[in-house]
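**Q** Pasting work-v6.cif below, which is mmCIF, C-alpha atoms.
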data_my_file
#
loop_
_atom_site.label_atom_id
_atom_site.label_comp_id
_atom_site.auth_asym_id
_atom_site.auth_seq_id
_atom_site.Cartn_x
_atom_site.Cartn_y
_atom_site.Cartn_z
CA GLY T 20 -7.34 10.87 -9.33
CA ALA T 21 -3.82 10.39 -8.10
CA VAL T 22 -1.61 8.15 -10.14
CA VAL T 23 1.29 8.28 -7.69
CA SER T 24 0.39 8.43 -4.04
CA GLN T 25 2.70 9.60 -1.30
CA HIS T 26 2.19 9.16 2.42
CA PRO T 27 2.24 10.82 4.88
CA SER T 28 1.56 14.27 3.54
CA ARG T 29 2.79 15.87 6.74
CA VAL T 30 4.83 14.46 9.57
CA ILE T 31 6.46 15.91 12.64
CA CYS T 32 9.14 13.92 14.39
CA LYS T 33 11.60 14.45 17.19
CA SER T 34 15.31 14.87 16.60
CA GLY T 35 17.09 11.57 16.57
CA THR T 36 14.15 9.52 15.44
CA SER T 37 13.53 8.01 12.02
CA VAL T 38 10.62 8.62 9.72
CA LYS T 39 9.47 6.67 6.67
CA ILE T 40 7.79 8.16 3.62
CA GLU T 41 6.02 5.92 1.12
CA CYS T 42 5.58 6.41 -2.60
CA ARG T 43 3.16 4.17 -4.48
CA SER T 44 2.27 3.92 -8.13
CA LEU T 45 -1.44 3.21 -8.06
CA ASP T 46 -2.29 1.59 -11.37
CA PHE T 47 1.01 0.92 -13.06
CA GLN T 48 4.29 -0.73 -12.28
CA ALA T 49 7.32 1.45 -11.81
CA THR T 50 10.71 -0.20 -11.90
CA THR T 51 12.26 3.18 -11.25
CA MET T 52 11.12 5.94 -8.97
CA PHE T 53 12.84 9.16 -8.03
CA TRP T 54 13.07 11.04 -4.77
CA TYR T 55 13.42 14.81 -4.65
CA ARG T 56 13.88 17.31 -1.91
CA GLN T 57 12.75 20.90 -1.98
CA PHE T 58 13.66 23.70 0.40
CA PRO T 59 11.34 26.70 0.70
CA LYS T 60 11.36 28.85 -2.40
CA LYS T 61 13.90 26.61 -4.04
CA SER T 62 13.62 24.16 -6.90
CA LEU T 63 13.42 20.41 -6.62
CA MET T 64 16.71 18.64 -6.10
CA LEU T 65 17.08 15.03 -7.11
CA MET T 66 18.24 12.95 -4.17
CA ALA T 67 18.28 9.45 -5.54
CA THR T 68 16.98 7.00 -8.08
CA SER T 69 15.09 4.11 -6.55
CA ASN T 70 15.52 0.86 -8.45
CA GLU T 71 13.18 -2.07 -7.88
CA GLY T 72 15.04 -5.05 -6.54
CA SER T 73 18.42 -3.36 -6.32
CA LYS T 74 20.23 -0.60 -4.51
CA ALA T 75 19.27 2.99 -5.00
CA THR T 76 21.55 5.34 -6.89
CA TYR T 77 22.29 8.45 -4.89
CA GLU T 78 23.20 11.87 -6.22
CA GLN T 79 26.44 13.44 -5.21
CA GLY T 80 26.30 14.89 -1.73
CA VAL T 81 23.34 12.83 -0.56
CA GLU T 82 24.13 10.56 2.39
CA LYS T 83 22.90 7.07 1.59
CA ASP T 84 23.10 5.97 5.22
CA LYS T 85 20.92 8.85 6.29
CA PHE T 86 18.35 8.63 3.53
CA LEU T 87 17.55 4.96 3.19
CA ILE T 88 15.63 3.98 0.10
CA ASN T 89 13.91 0.66 -0.39
CA HIS T 90 12.09 -0.36 -3.55
CA ALA T 91 10.88 -3.82 -2.66
CA SER T 92 8.03 -4.04 -5.13
CA LEU T 93 7.08 -2.63 -8.50
CA THR T 94 4.58 -0.25 -6.94
CA LEU T 95 6.25 0.90 -3.75
CA SER T 96 9.36 2.83 -2.86
CA THR T 97 10.11 4.10 0.62
CA LEU T 98 12.41 6.83 1.86
CA THR T 99 13.49 6.63 5.48
CA VAL T 100 15.14 9.64 7.04
CA THR T 101 17.25 8.20 9.83
CA SER T 102 18.37 10.02 12.96
CA ALA T 103 16.52 13.08 11.82
CA HIS T 104 17.82 16.56 12.57
CA PRO T 105 16.03 19.90 12.23
CA GLU T 106 18.00 20.63 9.06
CA ASP T 107 16.32 17.60 7.47
CA SER T 108 13.03 19.47 7.65
CA SER T 109 11.95 19.85 4.07
CA PHE T 110 9.44 18.94 1.40
CA TYR T 111 10.13 15.48 -0.02
CA ILE T 112 8.51 14.37 -3.24
CA CYS T 113 8.69 11.26 -5.38
CA SER T 114 8.04 10.65 -9.04
CA ALA T 115 7.53 7.68 -11.31
CA SER T 116 7.27 7.37 -15.04
CA ARG T 117 4.62 5.52 -16.94
CA GLY T 118 5.11 4.05 -20.35
CA ALA T 119 8.13 2.90 -22.29
CA SER T 120 9.02 6.35 -23.57
CA GLY T 121 9.47 7.69 -20.08
CA ASN T 122 8.01 11.06 -20.94
CA THR T 123 4.92 10.66 -18.80
CA ILE T 124 6.12 11.44 -15.33
CA TYR T 125 3.85 11.60 -12.35
CA PHE T 126 4.65 13.17 -9.04
CA GLY T 127 3.40 12.17 -5.65
CA GLU T 128 1.61 14.74 -3.54
CA GLY T 129 4.74 15.40 -1.53
CA SER T 130 5.51 15.03 2.16
CA TRP T 131 6.29 17.85 4.55
CA LEU T 132 8.75 16.74 7.19
CA THR T 133 9.32 18.87 10.26
CA VAL T 134 11.95 17.74 12.75
CA VAL T 135 11.67 19.34 16.18
CA GLY M 11 26.37 17.07 -15.95
CA GLN M 12 23.37 19.30 -16.28
CA ASN M 13 23.10 23.06 -15.93
CA ILE M 14 19.73 24.72 -16.27
CA ASP M 15 19.06 28.45 -15.91
CA GLN M 16 15.84 30.36 -15.50
CA PRO M 17 15.05 33.85 -14.24
CA THR M 18 14.31 33.80 -10.54
CA GLU M 19 11.29 36.06 -10.52
CA MET M 20 8.93 37.71 -12.98
CA THR M 21 5.93 39.96 -12.64
CA ALA M 22 3.18 40.43 -15.20
CA THR M 23 -0.26 41.96 -15.40
CA GLU M 24 -3.52 40.06 -15.57
CA GLY M 25 -4.56 39.55 -19.18
CA ALA M 26 -1.05 40.04 -20.52
CA ILE M 27 1.40 37.60 -22.09
CA VAL M 28 4.57 36.47 -20.36
CA GLN M 29 7.49 34.44 -21.64
CA ILE M 30 9.66 32.46 -19.26
CA ASN M 31 13.01 31.44 -20.70
CA CYS M 32 15.11 28.42 -19.88
CA THR M 33 18.60 27.65 -21.10
CA TYR M 34 20.29 24.35 -20.52
CA GLN M 35 23.56 22.55 -20.96
CA THR M 36 23.35 18.81 -20.69
CA SER M 37 25.47 15.77 -21.32
CA GLY M 38 22.44 13.93 -22.62
CA PHE M 39 19.01 15.09 -23.72
CA ASN M 40 15.78 13.17 -23.89
CA GLY M 41 13.27 15.96 -23.60
CA LEU M 42 12.39 19.13 -21.74
CA PHE M 43 9.47 19.57 -19.40
CA TRP M 44 7.70 22.55 -17.95
CA TYR M 45 5.89 22.21 -14.64
CA GLN M 46 3.77 24.57 -12.62
CA GLN M 47 4.06 24.47 -8.89
CA HIS M 48 1.96 26.33 -6.38
CA ALA M 49 3.46 26.84 -2.96
CA GLY M 50 3.38 23.70 -0.87
CA GLU M 51 2.03 21.52 -3.64
CA ALA M 52 3.46 18.97 -6.02
CA PRO M 53 4.48 20.12 -9.50
CA THR M 54 1.87 19.70 -12.20
CA PHE M 55 2.76 18.88 -15.78
CA LEU M 56 2.40 21.62 -18.38
CA SER M 57 4.34 20.54 -21.44
CA TYR M 58 6.94 18.25 -22.94
CA ASN M 59 9.19 19.07 -25.88
CA VAL M 60 11.65 16.70 -27.45
CA LEU M 61 11.72 18.07 -31.00
CA ASP M 62 12.42 21.63 -32.07
CA GLY M 63 9.46 23.90 -32.42
CA LEU M 64 6.41 25.20 -30.67
CA GLU M 65 3.88 23.10 -28.79
CA GLU M 66 0.62 24.88 -28.08
CA LYS M 67 -1.86 23.79 -25.46
CA GLY M 68 -4.56 26.28 -24.67
CA ARG M 69 -3.19 29.39 -23.02
CA PHE M 70 0.21 27.77 -22.59
CA SER M 71 2.81 27.17 -25.29
CA SER M 72 6.31 25.82 -25.07
CA PHE M 73 9.16 26.20 -27.51
CA LEU M 74 12.37 24.25 -27.88
CA SER M 75 15.58 24.79 -29.80
CA ARG M 76 17.93 21.90 -29.18
CA SER M 77 20.80 23.45 -31.10
CA LYS M 78 20.66 26.52 -28.88
CA GLY M 79 19.88 24.68 -25.66
CA TYR M 80 16.92 27.00 -25.21
CA SER M 81 13.28 26.75 -24.33
CA TYR M 82 10.56 29.11 -23.32
CA LEU M 83 7.13 28.82 -21.80
CA LEU M 84 4.58 31.32 -23.07
CA LEU M 85 1.55 32.11 -20.99
CA LYS M 86 -1.25 34.07 -22.63
CA GLU M 87 -4.25 35.84 -21.15
CA LEU M 88 -2.73 35.71 -17.72
CA GLN M 89 -4.99 35.02 -14.78
CA MET M 90 -4.38 35.59 -11.11
CA LYS M 91 -4.33 31.83 -10.55
CA ASP M 92 -1.28 31.62 -12.82
CA SER M 93 0.79 33.09 -10.00
CA ALA M 94 3.07 30.18 -9.21
CA SER M 95 6.55 28.84 -9.76
CA TYR M 96 7.36 27.49 -13.20
CA LEU M 97 9.98 24.81 -13.34
CA CYS M 98 12.00 23.90 -16.39
CA ALA M 99 13.33 20.34 -16.23
CA VAL M 100 15.50 18.33 -18.56
CA THR M 101 15.57 14.57 -18.75
CA GLY M 102 18.64 12.68 -19.80
CA THR M 103 17.89 9.03 -19.40
CA ALA M 104 15.23 6.90 -17.76
CA SER M 105 12.96 9.73 -16.66
CA LYS M 106 15.59 11.25 -14.41
CA LEU M 107 14.71 14.91 -14.23
CA THR M 108 17.07 17.75 -13.48
CA PHE M 109 15.24 20.90 -12.54
CA GLY M 110 16.14 24.49 -13.09
CA THR M 111 15.96 26.94 -10.26
CA GLY M 112 12.35 27.75 -11.06
CA THR M 113 10.77 31.08 -11.91
CA ARG M 114 8.33 32.63 -9.47
CA LEU M 115 5.67 34.43 -11.46
CA GLN M 116 3.52 37.06 -9.80
CA VAL M 117 0.43 38.14 -11.69
CA THR M 118 -0.90 41.52 -10.64
CA LEU M 119 -4.08 43.44 -11.37
#
Could you write out this file's structure as structure tokens?

**A**
Amino acid sequence: GAVVSQHPSRVICKSGTSVKIECRSLDFQATTMFWYRQFPKKSLMLMATSNEGSKATYEQGVEKDKFLINHASLTLSTLTVTSAHPEDSSFYICSASRGASGNTIYFGEGSWLTVV
Amino acid sequence: GQNIDQPTEMTATEGAIVQINCTYQTSGFNGLFWYQQHAGEAPTFLSYNVLDGLEEKGRFSSFLSRSKGYSYLLLKELQMKDSASYLCAVTGTASKLTFGTGTRLQVTL
């Protein structure tokens, strides 16, 4: 079964609205989670590192005020796309690592966002 | 920073063997992953290499040379269901993955 769960799997929202995507580690605690974005036929691009109890670390070129990340507990990180525009339509996916070595990385199922 | 290169597309015949190469330049290295991704789905883990050499797992094998910044994924006895994108990813610290561009593999009859 899923080890990292992501919700919703698909969402359609109107331009100008905000949408929240959740990423949960189901049976382990994750102090760090990662959010990626993927355009069609492109590879995954790291957007930000979500840190439990502190601010997220954003990659260069990613607008922190547009992509709000909250990691309020050890099992939940959320990504909120604010004031969505059609160009924000994309596949968003999270990951979390399990174990001290960090080499066991689980991905969520991904979330398709369509902004109309 | 990280720079990871893979071929964009490859085509191979069912039953054949295909090798997908990945070269990387990183400021830090804590392992290299290969993932398979079917269209519209999350990546699925194939292999992890942190030491030089070949790791074999069924039909899939992965090789790493840290001194050369080079890895390859070897797929044997190709099946139609192997048609997918194959992503090479390098981790520096704390499970932060940097992905290559991905290689779209098309398996034909």

**Q** So that I can check the surroundings of Tyr82 of chain M, please list as a count of residues only every protein, DNA and RNA residue that reaches within 12 Å of it, counting only C-alpha atoms and ignoring chain neighbours fewer than 4 positions away.

**A** 34

**Q** Expanded to explicit residues, what is the PyMOL selection byres ((chain M) within 12 of (chain T)) for this file, as a PDB file with C-alpha atoms, in the coordinates of the input?

**A**
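selection.pdb written:
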ATOM      1  CA  GLY M  11      26.370  17.070 -15.950  1.00  0.00           C
ATOM      2  CA  GLN M  12      23.370  19.300 -16.280  1.00  0.00           C
ATOM      3  CA  ILE M  14      19.730  24.720 -16.270  1.00  0.00           C
ATOM      4  CA  ASP M  15      19.060  28.450 -15.910  1.00  0.00           C
ATOM      5  CA  GLN M  16      15.840  30.360 -15.500  1.00  0.00           C
ATOM      6  CA  THR M  18      14.310  33.800 -10.540  1.00  0.00           C
ATOM      7  CA  GLU M  19      11.290  36.060 -10.520  1.00  0.00           C
ATOM      8  CA  ASN M  40      15.780  13.170 -23.890  1.00  0.00           C
ATOM      9  CA  GLY M  41      13.270  15.960 -23.600  1.00  0.00           C
ATOM     10  CA  LEU M  42      12.390  19.130 -21.740  1.00  0.00           C
ATOM     11  CA  PHE M  43       9.470  19.570 -19.400  1.00  0.00           C
ATOM     12  CA  TRP M  44       7.700  22.550 -17.950  1.00  0.00           C
ATOM     13  CA  TYR M  45       5.890  22.210 -14.640  1.00  0.00           C
ATOM     14  CA  GLN M  46       3.770  24.570 -12.620  1.00  0.00           C
ATOM     15  CA  GLN M  47       4.060  24.470  -8.890  1.00  0.00           C
ATOM     16  CA  HIS M  48       1.960  26.330  -6.380  1.00  0.00           C
ATOM     17  CA  ALA M  49       3.460  26.840  -2.960  1.00  0.00           C
ATOM     18  CA  GLY M  50       3.380  23.700  -0.870  1.00  0.00           C
ATOM     19  CA  GLU M  51       2.030  21.520  -3.640  1.00  0.00           C
ATOM     20  CA  ALA M  52       3.460  18.970  -6.020  1.00  0.00           C
ATOM     21  CA  PRO M  53       4.480  20.120  -9.500  1.00  0.00           C
ATOM     22  CA  THR M  54       1.870  19.700 -12.200  1.00  0.00           C
ATOM     23  CA  PHE M  55       2.760  18.880 -15.780  1.00  0.00           C
ATOM     24  CA  LEU M  56       2.400  21.620 -18.380  1.00  0.00           C
ATOM     25  CA  SER M  57       4.340  20.540 -21.440  1.00  0.00           C
ATOM     26  CA  TYR M  58       6.940  18.250 -22.940  1.00  0.00           C
ATOM     27  CA  ASN M  59       9.190  19.070 -25.880  1.00  0.00           C
ATOM     28  CA  VAL M  60      11.650  16.700 -27.450  1.00  0.00           C
ATOM     29  CA  ALA M  94       3.070  30.180  -9.210  1.00  0.00           C
ATOM     30  CA  SER M  95       6.550  28.840  -9.760  1.00  0.00           C
ATOM     31  CA  TYR M  96       7.360  27.490 -13.200  1.00  0.00           C
ATOM     32  CA  LEU M  97       9.980  24.810 -13.340  1.00  0.00           C
ATOM     33  CA  CYS M  98      12.000  23.900 -16.390  1.00  0.00           C
ATOM     34  CA  ALA M  99      13.330  20.340 -16.230  1.00  0.00           C
ATOM     35  CA  VAL M 100      15.500  18.330 -18.560  1.00  0.00           C
ATOM     36  CA  THR M 101      15.570  14.570 -18.750  1.00  0.00           C
ATOM     37  CA  GLY M 102      18.640  12.680 -19.800  1.00  0.00           C
ATOM     38  CA  THR M 103      17.890   9.030 -19.400  1.00  0.00           C
ATOM     39  CA  ALA M 104      15.230   6.900 -17.760  1.00  0.00           C
ATOM     40  CA  SER M 105      12.960   9.730 -16.660  1.00  0.00           C
ATOM     41  CA  LYS M 106      15.590  11.250 -14.410  1.00  0.00           C
ATOM     42  CA  LEU M 107      14.710  14.910 -14.230  1.00  0.00           C
ATOM     43  CA  THR M 108      17.070  17.750 -13.480  1.00  0.00           C
ATOM     44  CA  PHE M 109      15.240  20.900 -12.540  1.00  0.00           C
ATOM     45  CA  GLY M 110      16.140  24.490 -13.090  1.00  0.00           C
ATOM     46  CA  THR M 111      15.960  26.940 -10.260  1.00  0.00           C
ATOM     47  CA  GLY M 112      12.350  27.750 -11.060  1.00  0.00           C
ATOM     48  CA  THR M 113      10.770  31.080 -11.910  1.00  0.00           C
ATOM     49  CA  ARG M 114       8.330  32.630  -9.470  1.00  0.00           C
TER      50      ARG M 114
END

**Q** Here's the selection I'm unsure about, the PyMOL selection byres ((chain T and resi 134) around 8); applied to the file above, which residues does it give, as a list in words?

**A**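 Applying the PyMOL selection byres ((chain T and resi 134) around 8) to the structure shown produces Ile31, Cys32, Lys33, Ser34, Ala103, His104, Pro105, Glu106, Asp107, Ser108, Leu132, Thr133 and Val135 of chain T.
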
**Q** Could you tell me, as a PyMOL selection string, exactly which residues end up selected when the PyMOL selection byres ((chain T and resi 38) around 7) is applied to this structure?

**A** chain T and resi 36-37+39-40+99-101

**Q** Between M:Leu84, M:Thr118, M:Gly68, M:Leu61, which has the minimum distance to Phe39 of chain M (counting all atoms listed in the file)?

**A**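 Between M:Leu84, M:Thr118, M:Gly68, M:Leu61, the residue approaching Phe39 of chain M most closely is M:Leu61.
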
**Q** Between atom CA of Val117 of chain M and atom CA of Tyr80 of chain M, measure the distance and give it in Å to one decimal.

**A**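 Computed distance, atom CA of Val117 of chain M to atom CA of Tyr80 of chain M, equals 24.1 Å.
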
**Q** Between atom CA of Asn89 of chain T and atom CA of Asn70 of chain T, what is the spacing in Å?

**A** 8.2 Å

**Q** List every protein, DNA or RNA residue that has at least one atom no more than 10 Å from (21.8, 9.6, 4.7) in the file's coordinates, counting all atoms listed in the file, and write the result as a PyMOL selection string.

**A** chain T and resi 77+80-88+99-103

**Q** Mind giving me the straight-line distance from atom CA of Ser24 of chain T to atom CA of Glu41 of chain T in Å, one decimal?

**A** 8.0 Å

**Q** Using 4 Å of padding on each side, determine the axis-aligned box around all atoms of segment 63-76 of chain M present in the file and give its centre and edge lengths in Å to one decimal, as JSON.

**A**
{"center_x": 6.7, "center_y": 25.6, "center_z": -27.5, "size_x": 30.5, "size_y": 15.5, "size_z": 17.8}

**Q** Check the smallest atom-to-atom distance from each of M:Ala26, M:Lys86, M:Ser81, M:Ser93 to Lys67 of chain M using all atoms listed in the file, then report the winner.

**A**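 Result for the nearest residue to Lys67 of chain M: M:Lys86.
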